[in-house]
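Peer 1: First the structure, then my questions, so here it is.
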Amino acid sequence: MDDLKDELRDGLERIAAAGSPATTVDAAAAVRRGRRVRRARRSAAAVIVAAAVGTGAAAAVLPGGGGENGVVQATGYPSPLTAEAAFGWLPRGYGQTGASGGDDGETEPVFLLKAGTDRKPKAVELTLYAPGTEAMPKVPKKGWRSVELVDGRVAYWTVEPGGSGEDAAELSWQNRQGRWVVLSIGDRGIADSATVLRIAAGVRFQDEPAAFPVRVTGVPGGLEVLGASVTRRPQGVEFDLGHRTTPGDPRMPNDYLRLEIRPADAGDRRFYGTNTTVDGDPAQDSRLPHSGPDLDVDGGGQRLIVFDAEGRRVRIEAAGRTLERLQAAGGLAGLYRRITFLGSDPGKWTTRPLA
Amino acid sequence: MVTRDEEFTAYVAARTPWLRRVAYLLCQDWHRADDLVQTAVTRLYVHWRRASAAENVDGYARTVLVRVYLAEQRGGWWRRVRVGQAVPDAVDEGADHAAGLDLRSALAALPPRQRAAVVLRFYCDLSVEQAADVLHCSTGTVKSQTARGLDALRRALRPEPSEEAQTWTT
């Protein structure tokens with residue numbers, strides 16, 4: 001693979017350096033257009049601030065934040081994530097740290113299971129591909145070694161233990177249902193053959209709803225869960241709800257809701273910049289002027305990031321009809337306030353976090 | 001004293017060739033690359049006070065460019081089909097022409113985020129962590145997108161003999 005990487009680097013250099021037509025990029029046009037954008041933003045900000053002052057709002061200057069006590073009509077959602085696999089054995093000090101499912105909008109859905117330690121929470125990653133989907137390394141490189149798993153199945157070392165790449169070892173096989181499984185080891189301390197094979201042999205395939213450490217009420221109904229993830233160490237969740245044009249097609253980018261909760265990082269506020277507060281916590285509302293980088297919100301939607309909410313960073317993005325429905329019930333800040341954290345004891349978590 | 005606009009214009013003049021090359025690797029079309037860069041530098045101007053104060057202005061500009069590219073892909077997903085199937089611009093008739101076309105075609109066939117991951121890692125020489133910041137995703141996603149992209153490129157550029165493929169699937 002290293003040869004390929006070198007060849008790729010050289011090839012990309014050649015392609016990029018090849019002759020090209022004269023550029024049409026116009027810095028002066030960028031300045032003219034940029035000035036118009038800045039003027040428009042200043043005008044919009046003035047309107048928002050004036051509205052906030054007019055209603056006596058001291059904080060949480062959130063457009064569309066109508067009736068805070070309103071409740072979005074929700075139909076309730078089934079479990080957003082099925083734990084399709086579990087580790088049966090892990091090295092001492094290791095534990096299951098997270099699981100996610102869905103796709104990123106352009107690849108086939110996969111179930112991803114993570115294990116590790118506090119210092120290396122993603123040291124072990126198991127990817128379970130959808131039925132009928134080929135795993136990434138479907139054609140063996142010359143010299144790939146096969147090995148028999150305890151269940152009689154043949155597995156392949158797609159990265160030999162002790163390999164020099166980003167993964168210290170990688171084993172791929174098809175489970176009894178014919179689904180491809182890829183076990184990646186990122187910790188060289190456990191990347192020996194015996195350990196990896198023992199982890200692989202212990203993997204159980206199942207269909208159990210995953211538990212989440214949060215409950216969110218008032219989530220607009222009628223959306224499809226396109227992706228979900230949960231991590232234990234550090235604790236975090238992500239939900240991605242939206243629509244597809246038809247099953248299997250790419251998602252529609254103009255009507256969705258994304259919710260992400262992660263541990264707060266000291267650098268977050270500095271990187272994103274803050275421009276409001278929600279319940280006393282510093283926040284950034286994408287519709288207000290801010291000093292952070294120009295991060296687009298898909299579909300012309302709205303983003304709210306609340307920093308340091310009891311040690312968490314909560315990020316909510318929505319667009320289209322879903323955003324309109326949320327705005328009728330307190331806006332993104334309203335949804336933020338309808339999040340209940342269930343603590344660190346997995347026994348108190350819920351498999352139905354969205355209602 | 002150099003004004004803000006003069007400073008910005010000088011930066012764009014100096015770095016447009018580099019930004020175009022990155023954009024071209026992402027979209028495989030010089031005219032579209034120009035459009036992407038034009039949009040990116042306009043956004044750069046809007047945030048020039050912050051961008052120019054950044055430790056790495058090039059990194060800031062590259063991040064804006066990649067996100068403009070990905071946002072365009074998301075906003076017009078139907079266009080990806082056309083882009084993926086388009087014959088890349090033929091502009092080089094050098095000794096490596098055939099190999100270059102193979103790689104361009106293989107690159108064009110990658111889904112946008114895989115292509116962006118490959119370009120960021122192997123053309124821009126970004127680390128996994130840096131690429132994750134640009135793509136606004138986890139390091140694990142960068143690794144998987146890169147690995148998938150590399151695997152697809154390898155299959156396209158170095159097809160294995162059919163016997164081995166049969167061995168693998170049995």
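Ordering of the structure tokens sets the chain letters (A, B, ...), residue numbers begin anew at 1 in every chain, and ligands are numbered from 1 in the order given.
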What residues in chain A have any atom no more than 6 Å from chain B when counting only C-alpha atoms, and can you write them as a PyMOL selection string?

Peer 2: chain A and resi 9+16+18-19+25+27+30+34+136+139

Peer 1: Please provide the set of residues having any atom within 8 Å of range 187-190 of chain A, restricted to only C-alpha atoms, with same-chain residues fewer than 2 positions apart removed, written as JSON, numbers by chain.

Peer 2: {"A": [91, 120, 123, 124, 162, 167, 168, 169, 185, 192, 195, 196]}

Peer 1: Please save N, CA and C atoms of the selected residues as an mmCIF file, in the first residue's frame.

Peer 2:
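That gives us again-v5.cif:
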data_model
loop_
_atom_site.group_PDB
_atom_site.id
_atom_site.type_symbol
_atom_site.label_atom_id
_atom_site.label_comp_id
_atom_site.auth_asym_id
_atom_site.auth_seq_id
_atom_site.Cartn_x
_atom_site.Cartn_y
_atom_site.Cartn_z
ATOM 1 N N PRO A 91 -8.896 -7.344 25.391
ATOM 2 C CA PRO A 91 -7.725 -7.392 26.271
ATOM 3 C C PRO A 91 -7.996 -6.681 27.595
ATOM 4 N N LYS A 120 -7.042 5.548 24.747
ATOM 5 C CA LYS A 120 -7.202 5.195 23.333
ATOM 6 C C LYS A 120 -8.584 4.600 23.116
ATOM 7 N N ALA A 123 -9.144 2.329 19.836
ATOM 8 C CA ALA A 123 -8.019 1.460 19.475
ATOM 9 C C ALA A 123 -8.472 0.228 18.704
ATOM 10 N N VAL A 124 -9.712 -0.175 18.920
ATOM 11 C CA VAL A 124 -10.252 -1.346 18.232
ATOM 12 C C VAL A 124 -11.549 -0.927 17.539
ATOM 13 N N GLY A 162 1.499 -5.723 13.157
ATOM 14 C CA GLY A 162 2.766 -4.996 13.181
ATOM 15 C C GLY A 162 3.018 -4.206 11.915
ATOM 16 N N ASP A 167 -3.120 1.622 10.636
ATOM 17 C CA ASP A 167 -3.645 0.544 11.445
ATOM 18 C C ASP A 167 -2.529 -0.459 11.717
ATOM 19 N N ALA A 168 -2.455 -0.900 12.966
ATOM 20 C CA ALA A 168 -1.387 -1.828 13.340
ATOM 21 C C ALA A 168 -1.709 -3.248 12.881
ATOM 22 N N ALA A 169 -2.987 -3.551 12.678
ATOM 23 C CA ALA A 169 -3.412 -4.853 12.165
ATOM 24 C C ALA A 169 -4.855 -4.720 11.692
ATOM 25 N N ILE A 185 -7.186 -2.701 14.232
ATOM 26 C CA ILE A 185 -6.507 -2.487 15.504
ATOM 27 C C ILE A 185 -5.571 -1.297 15.358
ATOM 28 N N ASP A 192 -0.839 -8.184 18.052
ATOM 29 C CA ASP A 192 -0.253 -9.488 17.713
ATOM 30 C C ASP A 192 -1.351 -10.436 17.238
ATOM 31 N N THR A 195 -3.863 -12.137 19.845
ATOM 32 C CA THR A 195 -4.824 -11.220 20.463
ATOM 33 C C THR A 195 -5.912 -10.813 19.473
ATOM 34 N N VAL A 196 -5.498 -10.484 18.266
ATOM 35 C CA VAL A 196 -6.478 -10.039 17.271
ATOM 36 C C VAL A 196 -7.447 -11.173 16.939
#

Peer 1: State, in Å with one decimal place, the distance from CA of Thr322 in chain A to CA of Pro80 in chain A.

Peer 2: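 CA of Thr322 in chain A sits 17.9 Å away from CA of Pro80 in chain A.
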
Peer 1: Out of A:Leu81, A:Leu257, A:Leu183, A:Leu326, which residue has the shortest atom-to-atom distance to His243 in chain A when counting only C-alpha atoms?

Peer 2: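 Checking each of A:Leu81, A:Leu257, A:Leu183, A:Leu326 against His243 in chain A, counting only C-alpha atoms, the winner is A:Leu257.
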
Peer 1: Write out as number ranges by chain the residues lying within 8 Å of Gln96 in chain A, counting only C-alpha atoms and excluding same-chain residues fewer than 6 positions away.

Peer 2: A: 87, 113-116, 232

Peer 1: Tell me, in Å to one decimal, how far CA of Ala106 in chain B is from CA of Gly102 in chain A.

Peer 2: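 Those two atoms sit 25.8 Å apart.
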